[in-house]
Structure formats: C-alpha cells, structure tokens
Amino acid sequence: MNASFDSRLLNLVIFSPLVFAAVLALLPKTEKGQLRSLTLAGMLVNFALTVWAFLRFQSHGPEFQLEYRVNWVSEIGLSYHLGVDGLAIALVLLTGLLGPLVVLASWTFVDHRVKEFHLALLLLQTAMLGALCSLDVLLFYVFFEAMLIPMYLLIGVWGAEERQMAAMKFFLYTLVGSLLMLVALLAVYFIAQPTGARSFDYATLYNGLLQANQQVAQCVQQGLTADTCTTASPAALALLKYGPFMFLAFALAFAIKVPMFPFHTWLPDAHVQAPVAGSMVLAGVMLKMGTFGFWRFAVPLFPQAARQYQLAIGVIAVIGIVYGALMCLAQRDIKKLIAYSSVSHLGYCMLGIAAFTPEGATGSAYQMLNHGVSTSALFLLFGMLYERRHVRLMSDYGGIAKVMPVFATFFLIITFSSVAVPGTNGFVGEFLVLLGSFKSHLPLWVSALAATAVVLGAAYMLWMVQRVFFGPLTHSENKGLSDMNAREWVTALPLVVLVLVMGLQPQPLLDVIAPSTRHYIDRALFASGPEHQDLRRVQINVRGLEPEVAAAPPGQKLNPAPLAVPMGSVRLLPATTPPVPHGIPPPVAAPLPTLGH
Amino acid sequence: MIDCSDFQSFGQYFSTHGFTDTVTCFVQNPPFNTANIGNSLWMIIALPILGAFFCGVFGKFMGRSNTHLIASASVFGSFLLSVMVFWAVNPSSTVAPNPFGSTLRYAVGADYGTWFQAGDFRVNFGLLADHLSASMLMVITGVGFLIHLYSTSYMSHDKAYWRYFAYLNLFVAMMLTLVLADSLVLLFVGWEGVGMCSYLLIGFWYDDPAKAFAGRKAFITNRIGDFGFLVACFLLVLTMGAFTLQAKNNNFPGDGTGSSQVFKAGLSAKGPLSFAAIDAFTRALPSKADSNQVTLSTVIDNGPLKGFAYGAMVTVILLCFLLGAAGKSAQFPLYVWLPDAMAGPTPVSALIHAATMVTAGIYLFCRLSYLVVLSPTAMAVIAVTGGITALLAALIAFAQDDIKKILAYSTVSQLGFMFMAIGAGAFWAAFLHVVTHAFFKACLFLGAGSVMHGNAEETNIKKLGGLSKEMPVTWATFLISTLAITGMVPLSGFFSKDAILHALHTTTLEGYEHILHWVWYVGLATAACTAFYMMRLYVLTFHGTRAPDAKVPHAHESDWQMTLPLVVLAMLAIAAVAHGIPVMENANREGPLQTVMENYLHPVFQNAMRSIEATGFVTVEHEEGLPWGAWGMAWAIALAGGGLSIVLYRFVFKRDGQWSGPAEFIRSLAQHKFYVDELYELLVIRPVKFVSFIFFKIVDSLLIDTVAVRGTAWVTAQTGAALRYLQSGDAQSYAAIMTLGLMCALFYALFKVL
C-alpha cells in the first residue's frame, strides 16, 4: 500500500460518516427503510475503514502514525493535523465497530424523525472519530464540543419521559468542563511558546513545555516555590505558579466527562433517558473521551502537577469505584444500575491512569476498551427488553429466562464480563489496573479498597440478573415475550464474541497499546527523578508542515507560514537533533511519505 | 530403588521378578513416548469445553441421547488422557521445562505463549502436570465421568438437560484448568470458572427464587475469598519484585540451582506468578539470619512494601490466600454458602460440592507448600481455622434433618480436617483425605440422590426409613461410604483421617507450641461427632420402619446408570486404603515407613520438606514402627461415636425422639446453624444495603444532585431574576446610576490624589 494513501486514511475514517450524512440528507424522510439501510451502509464502510486503519498501524512504528497535516489558520498556528497512537487507534476501532451495531439496535426502536436520528448518529460518529484522531488541540476541542450537539439531540428528542431535563443536564455539565479546558488550553498556548511562533499543535505545545516542566520538577524537588526558584525560566515560573490550576482545569473537564465522583450525577440521568443508541455510544465511546483526555493532555502536559495530585486522583477514583458499586445496590431502575456500574468501571480506568505504572496504564487502556464492549452490550441487550416492554424497573421483570432463554444467555455472558470473571475481557483490564495500583506510590489501602469492588460488582450485577431473569414469571405481560430475532442476534453476537476473544487473546491489542503506554508513563514520570530526565524519551515527533501541501484544495494558495517550519522537537533540541522537517527520524521505517524533496 | 532398566513388558518382567517389582516397573515405564505429552495437556481441557459448546448450543436439537453421549464421552476422553498423563509423570526421566534452572522432575508441562503482558508483568498460558495435578486429574475426570453417567438417568425427566450437561462439562473443563495451570493467574481462571459453573448449577432450577438466591450467595461468598486471592497475588508480585532488586549473590548459591541472572530471566519468561517463580523465590529466601543474604527477617528496602520484613509479608500473603481458600473450600467464616448450595441437582453436589471444587483451597495450599512452610503463624491460623470449621460444621450436622444438608455440613467438616493437615505441614495427608473423601463423599451424595430419586424427591430423613430392603444397592454402597467417612477399619477414610490426626499429634510449630495439640483434641472430638451424625443419617434413612408420612409408600431402586457409579465409588472408597498404609521406604531408605501417598507425592513436596528441615519452623516427632496406639484410639473413638448413635436412633429415640432441657436448647441452636446466616445478614448485608441506600438518598440525590447541581442552577436563575430589575429600560434611572458611579470614581480619584 502506498504511503500517501495512508496519510489520507484518517480523513476517510473521520469523514466517511459525514459523506453518508450528506447523501442521507437528500433522501425523503418518509423512506425509513432506505434511511436506515443507507446509514447502516455508511457505518459499515466506516467500520471497514477503521479496521483498515487499525491494520495499517504498526505497533513498532513511530508513536503517531497515519499522520496528515496541512495548514489551516496559520496566523494563530492552527493546523489541521491528524494522527493516531496505539490507544487512539484502538478506540477508533471500537468506535467504528459500535457504529453499525448502534444503527441495528435502533432499527425498530426509533420510528419518528428517523432521518434526523440517523443524521445525528452519523454526525456523532464523525465528531468522535475526529476527537480521537486530532493532534491539534484546538481541532480536538472543536470535535470534542461537536460531539455534544448530536448527543444532546439524541437524548433530548428520542429519549424517554424526562429526556429534556436529562439532555440539558448532560449538555450544561459537559460544557462547564470544556470551557474551563478552553481557558487552560489558551494558557498553555501562551506559556509553551512565549514569543513569536505560537502553535496549537499538540506536539509543539508538549515539546515547548518540556524544559519548563523539567525546571518545575527541579524547583519542586528542591522545595522551592515560584517566588524562590530563581533558576527557572519565565515559562517554568508561570508553569510552577499556574500549572496546578491549569492541570485542575483540564482534569475537571475530563473528570466530568469520565465521569468521576462527585461529577457523575449527569450520567445516570442521561443513560436512563437516552435511547438505546445514545446509551451505547455514550457508554461505549464518549465516556472514554474523559479518560483519553487525561491520558493525552492533562497528565503529559503537567506531569509535576499530576504527580502532586496523584493521591487525590487515585482516592477519588477509588471512591468512584466503591461508591458507584454501592449506588448500584440501591437502584431499582435497570438502566440506572448499569449507568452507576459505569461509574465504578471507569473508576478503574482512572485508578490505572493515576497509578503511573506500566501495568496500571495498560490495564486502564484495556479497561477503556472492555467497558466500551461490555457496557454498551449491556445497554444494547437491555434495550431489546425495553423495546418489548417499555419499562425499566427490575420489579417489572422476573423469570425472563423462561421466555427468552437465548437472550438470557447473552445477558449472562456479558454480566460475567462486567463482573470480570477470568476468561472474559473484564478480568485482564481489572487485574492489570489493580496490579498497577498495588505497584504504584498510592498507599496500599487505596488499592485494597479498590479490590473490594470485585465483591460488590458481583453482588449488584448478579442481584440484577436474578431479579430480571430468574424466579417465576410474575407479570402476565412478560409471558408472551419473543426471544431474540435475527437482527438482534447479529447485533449482539459480535460483542459477545469480542468479550471472549479479548479475554483470551488480549496480547495483540495490548501490543498495539504498549507504545502509547510506555510514552504515557515516561511523560507522567518525566523529570521526577534522575532516571527520568532524558528529553528524547518523552518528546513527541510528528511531521512538520509541508511547504507545498499536496492535498490542498485547488485554487487555494498556501504560503508556508513563517511559524510553520520550526515545529515539533526541532526547535527544542538543536544540538542533538538534526534539523529535518519532521523531527527525529523514527527508529523503525515509518509509513510516512518522504517530505520536502 | 528398583532397577527397571531391563523392563520391556509386564509378562517378560514378571517371569523373572516379583509382583511388586513388576508393578512398580510397569508404572514407571509407560508404553508410549512421554517426551511430548506435555504439549498435549491442553487437550484434556479442550475436550470438555468442546463438549460444553456442543451440548449448550446444539443440545436442544440433538436430542437427549446424543447430548448424553457427547457430554459423557468428552469427559471420558479427558479421563483417558489423564490416565496417560498420570502414567507419564512416573518415570524419573520425565522432566518439565523450567526456566528457573533447577530440573523439574516427575512432571510434564508446556507453555503455549503469552496470555497478557504489561510492564515487567507477564502471564503465560502454561500447563503443568506433576504427581499432585495428575492425581487430581484422575479424580476430576474419573469421578466426573461417573457423575455424568449418573446424571443421564438422574436428569432424565428434566427438560433443560442440554443446559445441565453443558454446565457440567464446562465445570469439568474449569476444574481441569485449575489443577493444570502453572501460574496463579491461570489457576485463578479455573478458580473463578468453577465458581461460575457452581453458580449456574446451584441455580439450575432458576424459577425457584430460593435456588437462584443460593447460587448468587455461593458466588458472592466465593468472591469475598477471591478478593483475598487477588490481594495475595498482588502482594506476592510486590514482594518478589522487591526481592529481585534486593537479593544478594549469596541468595543464589552456585550449586546449579540458579543465579540471580537465571532468576531474573525466568521471571521475565514465565512471570512472577508462575509456580516455578514462586518456588525459585522461596528457595532463594533462607530463614536463618545472614548478613550476606536476604532472609525472611530482612526488611524490604524498596517499593511500596518498604519497611516490612519478608517473613511478615509471606505471612500476610498466606493469610490472604487463606481467605481465598476459605471461600472456595467453605471454611469458617465463609462456609455459609455450601449448605445452601445443595439447592442444585444432587449429582452437582456430589461432583462440585464434595469431590472437586471445594478441594481447590487444599490444592492451592499443596501447590504452594513451599510458601506455606515459611510461616508458622499462617500455618497455625490455617490449622485453627480448619479446627473451628470442622467442629462447628459437625455440631450443626447433629441437628439437621435434610439428608443433603447433613452431607453438606459433613463436607465442610471434612474440609476442616484437610485444613488442619495443611496447618500441620502434612500436605500429603491433606491430599490423601481429598482423594478418599472424593470417593466416599461422592458416593454418599449420589446415594442420597438415589434415595431422593426413589422416594419422590424426599430429603427429610425423618420421613424416610427402612430403605435397606427396597434399595439394596444404594443401601450397601451407602453403608460402605458411611463406614469410610466415620473412619472404620479397613476403609480408606480411617487411614486418611488418622494420618491427619497423627500429624497434628506429632507436629510442633515454632512459636505456637501447643496450638496443634489443641487442634488435635478438636480433631478427635470432631471424629467422634462425624461418626455420630453419619450413623444417625444412615440409621434413620435405611433402617427401622418406613415413616408414615413418607411421600411414596414404596421406594424403587434406581437404574443401572445410577447404581453403577455408586458401586464403583464404593469400591474405590475401599480400594483407596492402599494409599494410606505405610509400606513404602522413603528415597533415602531411612526413617519410618511412608504411606503410598506420601511416597508418591514426595517429588511435589520435597522443596517444602527441605524448607522445613532448614528452617526448623516445623518439627515432626518420628515414631518407630507402625502407630498401632494411635490407630487403636482413632478406631475406638469412631466406634464409640457411631455405636452411640446406632443405639440412640435405633433403639432409644427412634425417629421421633426428642431432646429435652438444656439439650433441647443446644439442639435448637445447632438446628438454626448457630444463627450464623442471621449474623451475616445483620452485620454485613444489611449495613451494606443501608449504607448504599443512605448514600444514594443523601449524598447522591440530595447533596450532589439537589444542593450542588440544582442549587447552582437555582442560584443562577435567582441571580438572573434579581438582576432583571436592573435592566428596567428606564433611561432616567440608568442616568442616575451612571452619575452615582461617576461621582464615586471621582471621589476615589480625589482621595487617591490627596
């Protein structure tokens, strides 16, 4: 495969749903079958492209691959820059997989405003993939915010009784966080490049802060504050003084998205009210934006502050784990229970992120994927039941296994995955997170407390299963329920298979994630001790902006901006780095196009 | 040592040598190539999994007989393979790969590659069969096959037969994974997997909420144990990680057993939680204080465990493992799930809740014997736990009337015996009891199932009676097994139980000199209790007259599919005697004679025994000759207990006998299981539910959602509403405020200037 196609691949991945959305817009709104089929086709194409991108990703290649970069608004240093690392490509694959399943799950469930519904789904897909693939922070921000609108509509228009309140709550909650993030982002933008050439490019920002971060760490290790640390550069002083606040702003934005205790109360409402599709996407991908944000932005950009708040994040994560599990025990509403179980499971993700150990980070990344598979499968399966009965309380069911045995089997398998029985995907993630947490600097009791969720998780999930599936058929309305039909089989089977495959053969995926994990740990621990001082281990190498942009639209004149060339790591380490346009050449031949010939 | 070098075939060798030598050589010379059998170990697990898949997915369409055939055949196939493995581990030339340097003799194994790996942690798909695993394989697949056969008749009226056999096959596969795993993590797959199958099978008749609840109770109680298991694993990783950094060269003496490089290479190849790694770790960690070595008393100087001594960590790890084992093997205080687990079909109780799954905890400690012997504290706690469990369960069994409940408590009690043996360092005795118990308890459960089957599912022993004529095969096999469990000569239970009591009597733990002695008394008392309640069960069920309130006037004997397993198991309960008689000389041809089991398991426990000798934590008093005195006493106790029971229930009380006075009070306590379930309800379940409810109502709904979230919205709205009055549109008031503001500014400026 030629390399220049690879560089366009992510564009295809991100915008193929948008193209289908454009076609969809032309169809008459009464042709519901056509609308659904076309959306399904679009999602399948999109899924195929994500698989392609996943296969093109080489786990031994450079950190960011399949890159694409052109000038956008060069006056403020904004470029359209795409690229994925191991974690991002795995999440992209998950997003691509959920796309067609979501359409299938809503096939008969959504029957009014069908056209708008599918448009929203396709737009949401584009926005999520865009956020995962962005290497420019402003671009990320744009996609990150763009996700809100279709999701707001999905909840607010196609949701249950209290949908508008839930949609509003979801929107406002998330917006508060992202606005804080925007402020912090601008601050980073100004601090990282004190003079002249400023850029929103992730690599430039990160590399620009590196030396400052190093000095900050030295100041802190000597016990100096911003007033007493005289050796530090102005950027380092600013970072020393405001870094914790900036970190907190980022952390808050992402903590709301995750959601971490105590910012989680929007999630149960949103999940309960959202239609199946909304719940699946919300649980499957959107919540991961929070953990992904910690992984990509909050921790690497402010390692010193992150380490300073490590205990706090770890403790809050563990509170989330235990508290979420306890909440589940107090629920009567099944969707609410699953939503609170998400709080608990994402607490594991956050614990792994806060552990700053390779095991923890790997487990956290894997747990993100697991949760995407298992929890969206739970929502999907419960959606099937909801479509038949339109009630959500456990007491409205009972003995369902008698009338829907296949469905009960599917649900039970997913339950075991959610409970993290070994052999299912949940175990690998949970085990690694807990191991990482035990190995970390977090106190042992914190990790031990996190492990108690092993018991609580089984308690609430099996309690729910018993109330819904076992016992006698108490409600006469439930006697005539039909078991899963062919479409439902097709929808649920991939996730059930994935639960087992990911549980028994996790290593191929872990290999893809491993380089990201390594980088994450290096960056989180950067300058924390004498063995973590090597700038070249942590700095980010991406391609620079090309003087001639091959993919420029015809007729548009693109001048290389004055700030365009000294991108990436080049400016930072002139002594050690050869001044090639795209930074340090990666150790292994990368599928990058040769530039600037 | 018998020289078998000229052995070619049984007949050829028998013509020139004696029978014993010939048998020994025959066992040590499997007629197949043992070199590659390790690579085929996966098939033992794969067969039942395949069976489970076919039964579960296609069983409904295949019909009953095909399902029976597939389910039973897959387990029988595993049994044949297990026989081969059992045979293959005998020649001394059999060596399993071991990256830690030392040779792993009498074992076969294979590594099928990485399962998952992150940082410097790794888990492989590695299987290993040594004498311990191979014996377990035989029990699991052998008893498992018999129970499959039995089930074909027992479940012949059940519509969901395909689900039953799928679960049962899956259970066998998981149990095999548990015993074949060569690392704690893979063992945990089997460990949780059997728990999951147990959950499914206990709640097999899920339309009964009580049965579904029993399944859930079993799983969650097991999970409490699993919490301990996981924490133990993590702490073990931390301890070994700290040791790797801190170890000195002297920790790895150059006697060919490995150096620190070998240790590190082994760790990165097999992962820290593989048994080979733990074994190597315990060998490198001596007990005697030595400034040139890291020892048990050395304080950890790096990592999260900094400040703790290695010995203390080993104790903590073992206690966490004890929690795990207590969950799975139904020990105090986590035994409460096992009696409720009798809600499942009776063959399930026989296989899972008597013969195999519940012995997983004992298997775990036998596997980790080299770790166990490093901590006398943990050993004492294990022994005491076993003692409390054994006695408590026996006392409860006194007052139960449900045939399966009595057997369940008896299982708990016998498992307590096995834990006592572990605590005394007599791993082989514990394991011998595992094996004999598997035979006679499975036979008892299946017999109970046969009784229920022939009496319209009646389980109350007071409503049975007089079955010895009507169900002759069930009666005979039940009698044999009852005598075996009560410890009558010459049945297997006598020797295995006596081995445990003997070990308790002759062993002393350093620092806990008298504990084992007390546990010994408890053991003797429990043995008497066992004989009493088992005889009571037997007498009330099979003798006397038929109860007037019996469900059916006449019982019928079961089909051959059910009676054949009974007969085989009863015969095994007798034949297993061979394991328990001390006739073997040990490897050095010195010291007292060993039992066959002790001799056979010697390669498995030799590191532990070496450790015991080196540390002096455990001292065993050896006696010359056979322990006739101890045997006599054990026999007398069993006879007294059983005899008393026969007299009381055959002639004094009969069926309707009532206790009176204080005895009635005790009986009532025991009948209500000492209110332990109620205690749990009060101390654990209700508080957790209450806390979660309070948190939900107060923290989540009130504080966060109402006060914080809606409060913010409310404040915003109120502020907006208040500020609305400023935006009145009245130009004059705007002008007035503007003037006021300007005046203030002016005033301030003047003030500053002046």
# chains A, B, ... in the order shown; residues from 1 in each chain; ligands from 1
call {"tool": "residues_around", "arguments": {"residues": "range 155-162 of chain A", "least_positions_apart": "6", "cutoff": "10 Å", "atoms": "only C-alpha atoms", "output": "list in words"}}
result
Phe109, Val110, Asp111, His112, Arg113, Val114, Glu116, Phe117, Met168, Phe170, Asp269, Ala270, His271, Val272, Gln273, Ala274, Pro275, Val276, Ala277, Gly278, Ser279 and His390 of chain A
call {"tool": "write_last_selection", "arguments": {"atoms": "N, CA and C atoms", "output": "PDB file, in the first residue's frame"}}
result
ATOM      1  N   PHE A 109     -36.550   0.456  16.984  1.00  0.00           N
ATOM      2  CA  PHE A 109     -36.822   1.194  18.214  1.00  0.00           C
ATOM      3  C   PHE A 109     -37.212   2.640  17.908  1.00  0.00           C
ATOM      4  N   VAL A 110     -36.485   3.242  16.970  1.00  0.00           N
ATOM      5  CA  VAL A 110     -36.750   4.645  16.644  1.00  0.00           C
ATOM      6  C   VAL A 110     -37.672   4.693  15.435  1.00  0.00           C
ATOM      7  N   ASP A 111     -38.817   5.324  15.611  1.00  0.00           N
ATOM      8  CA  ASP A 111     -39.749   5.342  14.492  1.00  0.00           C
ATOM      9  C   ASP A 111     -40.270   6.732  14.169  1.00  0.00           C
ATOM     10  N   HIS A 112     -39.865   7.704  14.920  1.00  0.00           N
ATOM     11  CA  HIS A 112     -40.255   9.049  14.498  1.00  0.00           C
ATOM     12  C   HIS A 112     -38.992   9.881  14.302  1.00  0.00           C
ATOM     13  N   ARG A 113     -39.077  10.797  13.353  1.00  0.00           N
ATOM     14  CA  ARG A 113     -37.916  11.604  12.962  1.00  0.00           C
ATOM     15  C   ARG A 113     -36.726  10.694  12.638  1.00  0.00           C
ATOM     16  N   VAL A 114     -37.002   9.708  11.824  1.00  0.00           N
ATOM     17  CA  VAL A 114     -35.978   8.715  11.521  1.00  0.00           C
ATOM     18  C   VAL A 114     -34.787   9.353  10.824  1.00  0.00           C
ATOM     19  N   GLU A 116     -33.675  12.472  10.919  1.00  0.00           N
ATOM     20  CA  GLU A 116     -32.852  13.287  11.813  1.00  0.00           C
ATOM     21  C   GLU A 116     -32.046  12.405  12.753  1.00  0.00           C
ATOM     22  N   PHE A 117     -32.668  11.335  13.196  1.00  0.00           N
ATOM     23  CA  PHE A 117     -31.985  10.428  14.112  1.00  0.00           C
ATOM     24  C   PHE A 117     -30.708   9.883  13.475  1.00  0.00           C
ATOM     25  N   MET A 168     -30.480  18.489  28.942  1.00  0.00           N
ATOM     26  CA  MET A 168     -29.970  19.776  29.406  1.00  0.00           C
ATOM     27  C   MET A 168     -28.852  19.585  30.430  1.00  0.00           C
ATOM     28  N   PHE A 170     -26.936  16.999  30.862  1.00  0.00           N
ATOM     29  CA  PHE A 170     -25.767  16.469  30.165  1.00  0.00           C
ATOM     30  C   PHE A 170     -25.003  17.595  29.480  1.00  0.00           C
ATOM     31  N   ASP A 269     -28.810  10.020  34.773  1.00  0.00           N
ATOM     32  CA  ASP A 269     -29.959  10.643  34.114  1.00  0.00           C
ATOM     33  C   ASP A 269     -29.855  10.512  32.606  1.00  0.00           C
ATOM     34  N   ALA A 270     -28.679  10.828  32.086  1.00  0.00           N
ATOM     35  CA  ALA A 270     -28.516  10.767  30.632  1.00  0.00           C
ATOM     36  C   ALA A 270     -28.746   9.349  30.131  1.00  0.00           C
ATOM     37  N   HIS A 271     -28.173   8.365  30.834  1.00  0.00           N
ATOM     38  CA  HIS A 271     -28.307   6.985  30.373  1.00  0.00           C
ATOM     39  C   HIS A 271     -29.743   6.510  30.452  1.00  0.00           C
ATOM     40  N   VAL A 272     -30.403   6.861  31.543  1.00  0.00           N
ATOM     41  CA  VAL A 272     -31.772   6.393  31.717  1.00  0.00           C
ATOM     42  C   VAL A 272     -32.665   6.971  30.633  1.00  0.00           C
ATOM     43  N   GLN A 273     -32.461   8.215  30.313  1.00  0.00           N
ATOM     44  CA  GLN A 273     -33.365   8.850  29.369  1.00  0.00           C
ATOM     45  C   GLN A 273     -32.982   8.583  27.914  1.00  0.00           C
ATOM     46  N   ALA A 274     -31.695   8.351  27.672  1.00  0.00           N
ATOM     47  CA  ALA A 274     -31.246   8.225  26.287  1.00  0.00           C
ATOM     48  C   ALA A 274     -31.862   6.994  25.622  1.00  0.00           C
ATOM     49  N   PRO A 275     -32.052   7.049  24.303  1.00  0.00           N
ATOM     50  CA  PRO A 275     -32.456   5.836  23.599  1.00  0.00           C
ATOM     51  C   PRO A 275     -31.295   4.839  23.585  1.00  0.00           C
ATOM     52  N   VAL A 276     -31.560   3.618  23.163  1.00  0.00           N
ATOM     53  CA  VAL A 276     -30.508   2.591  23.164  1.00  0.00           C
ATOM     54  C   VAL A 276     -29.249   3.101  22.495  1.00  0.00           C
ATOM     55  N   ALA A 277     -29.435   3.694  21.322  1.00  0.00           N
ATOM     56  CA  ALA A 277     -28.273   4.151  20.564  1.00  0.00           C
ATOM     57  C   ALA A 277     -27.472   5.142  21.378  1.00  0.00           C
ATOM     58  N   GLY A 278     -28.189   6.079  22.008  1.00  0.00           N
ATOM     59  CA  GLY A 278     -27.496   7.088  22.795  1.00  0.00           C
ATOM     60  C   GLY A 278     -26.717   6.470  23.938  1.00  0.00           C
ATOM     61  N   SER A 279     -27.351   5.552  24.648  1.00  0.00           N
ATOM     62  CA  SER A 279     -26.661   4.916  25.778  1.00  0.00           C
ATOM     63  C   SER A 279     -25.433   4.152  25.307  1.00  0.00           C
ATOM     64  N   HIS A 390     -41.094  -1.624  27.446  1.00  0.00           N
ATOM     65  CA  HIS A 390     -41.114  -0.197  27.775  1.00  0.00           C
ATOM     66  C   HIS A 390     -41.220   0.078  29.262  1.00  0.00           C
TER      67      HIS A 390
END
call {"tool": "select_by_dssp", "arguments": {"residues": "range 35-113 of chain B", "states": "strand (DSSP E)", "output": "VMD selection string"}}
result
chain B and resid 95 to 96 104 to 105 108 to 113
call {"tool": "write_last_selection", "arguments": {"atoms": "N, CA, C and O atoms", "output": "JSON list (two decimals), in the first residue's frame"}}
result
[["chain", "number", "residue", "atom", "x", "y", "z"],
["B", 95, "VAL", "N", 10.89, -34.91, 32.56],
["B", 95, "VAL", "CA", 11.32, -33.61, 33.06],
["B", 95, "VAL", "C", 10.50, -32.52, 32.36],
["B", 95, "VAL", "O", 10.36, -32.54, 31.15],
["B", 96, "ALA", "N", 9.97, -31.62, 33.14],
["B", 96, "ALA", "CA", 9.24, -30.50, 32.55],
["B", 96, "ALA", "C", 10.18, -29.32, 32.40],
["B", 96, "ALA", "O", 11.11, -29.15, 33.20],
["B", 104, "LEU", "N", 12.83, -29.89, 36.90],
["B", 104, "LEU", "CA", 11.52, -30.21, 37.43],
["B", 104, "LEU", "C", 11.23, -31.64, 37.04],
["B", 104, "LEU", "O", 10.71, -31.91, 35.98],
["B", 105, "ARG", "N", 11.61, -32.55, 37.93],
["B", 105, "ARG", "CA", 11.45, -33.96, 37.56],
["B", 105, "ARG", "C", 10.06, -34.45, 37.90],
["B", 105, "ARG", "O", 9.33, -33.84, 38.67],
["B", 108, "VAL", "N", 5.30, -33.08, 33.65],
["B", 108, "VAL", "CA", 5.27, -32.72, 32.23],
["B", 108, "VAL", "C", 4.58, -31.37, 32.13],
["B", 108, "VAL", "O", 3.76, -31.01, 32.97],
["B", 109, "GLY", "N", 4.94, -30.62, 31.12],
["B", 109, "GLY", "CA", 4.35, -29.30, 31.01],
["B", 109, "GLY", "C", 4.64, -28.69, 29.67],
["B", 109, "GLY", "O", 5.46, -29.18, 28.89],
["B", 110, "ALA", "N", 3.94, -27.61, 29.40],
["B", 110, "ALA", "CA", 4.17, -26.90, 28.16],
["B", 110, "ALA", "C", 3.74, -25.46, 28.34],
["B", 110, "ALA", "O", 2.90, -25.15, 29.19],
["B", 111, "ASP", "N", 4.33, -24.61, 27.56],
["B", 111, "ASP", "CA", 3.98, -23.20, 27.58],
["B", 111, "ASP", "C", 3.45, -22.82, 26.21],
["B", 111, "ASP", "O", 4.13, -23.01, 25.21],
["B", 112, "TYR", "N", 2.22, -22.36, 26.19],
["B", 112, "TYR", "CA", 1.61, -22.08, 24.88],
["B", 112, "TYR", "C", 1.66, -20.59, 24.54],
["B", 112, "TYR", "O", 0.86, -20.11, 23.75],
["B", 113, "GLY", "N", 2.55, -19.88, 25.15],
["B", 113, "GLY", "CA", 2.71, -18.47, 24.78],
["B", 113, "GLY", "C", 2.05, -17.51, 25.74],
["B", 113, "GLY", "O", 1.44, -17.90, 26.73]]
call {"tool": "interface_residues", "arguments": {"of": "chain A", "to": "chain B", "cutoff": "6 Å", "atoms": "only C-alpha atoms", "output": "PyMOL selection string"}}
result
chain A and resi 326-327+330+358-359+422+435+455+470-472+507
call {"tool": "closest_residue", "arguments": {"among": "B:Leu149, B:Ala408, B:Leu746, B:Ala736", "to": "Ala355 in chain B", "atoms": "only C-alpha atoms"}}
result
B:Ala408
call {"tool": "residues_around", "arguments": {"residues": "Ser72 in chain B", "least_positions_apart": "5", "cutoff": "12 Å", "atoms": "only C-alpha atoms", "output": "PyMOL selection string"}}
result
chain B and resi 47-48+50-52+55+65-67+77-79+141-152+165-166+168-169+172+561
call {"tool": "residues_around", "arguments": {"residues": "range 416-419 of chain B", "least_positions_apart": "5", "cutoff": "8 Å", "atoms": "only C-alpha atoms", "output": "list of chain:residue names"}}
result
B:Gln331, B:Ile362, B:Ile382, B:Ala383, B:Thr385, B:Gly386, B:Gly387, B:Ile388, B:Thr389, B:Ala390, B:Ala429, B:Ala430, B:Phe431, B:His433, B:Val434, B:Lys497, B:Ile500, B:Gly523
call {"tool": "select_by_dssp", "arguments": {"residues": "range 280-336 of chain A", "states": "alpha helix (DSSP H)", "output": "VMD selection string"}}
result
chain A and resid 280 to 281 287 to 293 299 to 301 303 to 308 310 to 329 334 to 336
call {"tool": "atom_distance", "arguments": {"atom1": "CA of Ile485 in chain B", "atom2": "CA of Ala663 in chain B"}}
result
25.8 Å
call {"tool": "closest_residue", "arguments": {"among": "B:Glu457, B:Met313, B:Leu322, B:Met175", "to": "Ile352 in chain B", "atoms": "only C-alpha atoms"}}
result
B:Met175
call {"tool": "atom_distance", "arguments": {"atom1": "CA of Met584 in chain B", "atom2": "CA of Pro603 in chain B"}}
result
14.5 Å
call {"tool": "closest_residue", "arguments": {"among": "B:Ser92, B:Val123, B:Thr508, B:Leu392", "to": "Gln505 in chain A", "atoms": "only C-alpha atoms"}}
result
B:Val123
call {"tool": "closest_residue", "arguments": {"among": "A:Asp201, A:Glu31, A:Glu488, A:Asp522", "to": "Leu380 in chain A", "atoms": "only C-alpha atoms"}}
result
A:Glu488
call {"tool": "residues_around", "arguments": {"residues": "Leu245 in chain B", "least_positions_apart": "2", "cutoff": "10 Å", "atoms": "only C-alpha atoms", "output": "PyMOL selection string"}}
result
chain B and resi 240-243+247-248+260+264+300-303
call {"tool": "write_last_selection", "arguments": {"atoms": "C-alpha atoms", "output": "short mmCIF file (atom, residue, chain, number, x, y, z; two decimals), in the first residue's frame"}}
result
data_model
loop_
_atom_site.label_atom_id
_atom_site.label_comp_id
_atom_site.auth_asym_id
_atom_site.auth_seq_id
_atom_site.Cartn_x
_atom_site.Cartn_y
_atom_site.Cartn_z
CA MET B 240 9.09 -10.84 44.70
CA GLY B 241 9.74 -7.60 42.86
CA ALA B 242 11.37 -6.14 45.96
CA PHE B 243 13.36 -9.32 46.44
CA ALA B 247 18.71 -10.05 46.60
CA LYS B 248 22.41 -10.64 47.01
CA SER B 260 20.27 -14.10 40.07
CA LYS B 264 15.53 -12.64 36.51
CA ILE B 300 12.31 -4.74 52.42
CA ASP B 301 14.18 -1.66 51.29
CA ASN B 302 12.35 -0.66 48.12
CA GLY B 303 8.97 -0.31 46.57
#
call {"tool": "atom_distance", "arguments": {"atom1": "CA of Leu248 in chain A", "atom2": "CA of Ile313 in chain A"}}
result
10.6 Å
call {"tool": "residues_around", "arguments": {"residues": "Gly529 in chain A", "least_positions_apart": "3", "cutoff": "12 Å", "atoms": "only C-alpha atoms", "output": "list in words"}}
result
Gln214, Ala217, Gln218, Val220, Gln221, Gln222, Gln304, Asp522, Ala524, Leu525, Phe526, His532, Gln533 and Asp534 of chain A
call {"tool": "closest_residue", "arguments": {"among": "A:Gln65, A:Thr231, A:Ser376, A:Thr265", "to": "Thr174 in chain A", "atoms": "only C-alpha atoms"}}
result
A:Thr265
call {"tool": "residues_around", "arguments": {"residues": "Val336 in chain B", "least_positions_apart": "6", "cutoff": "8 Å", "atoms": "only C-alpha atoms", "output": "ChimeraX atom specification"}}
result
/B:330,676-677
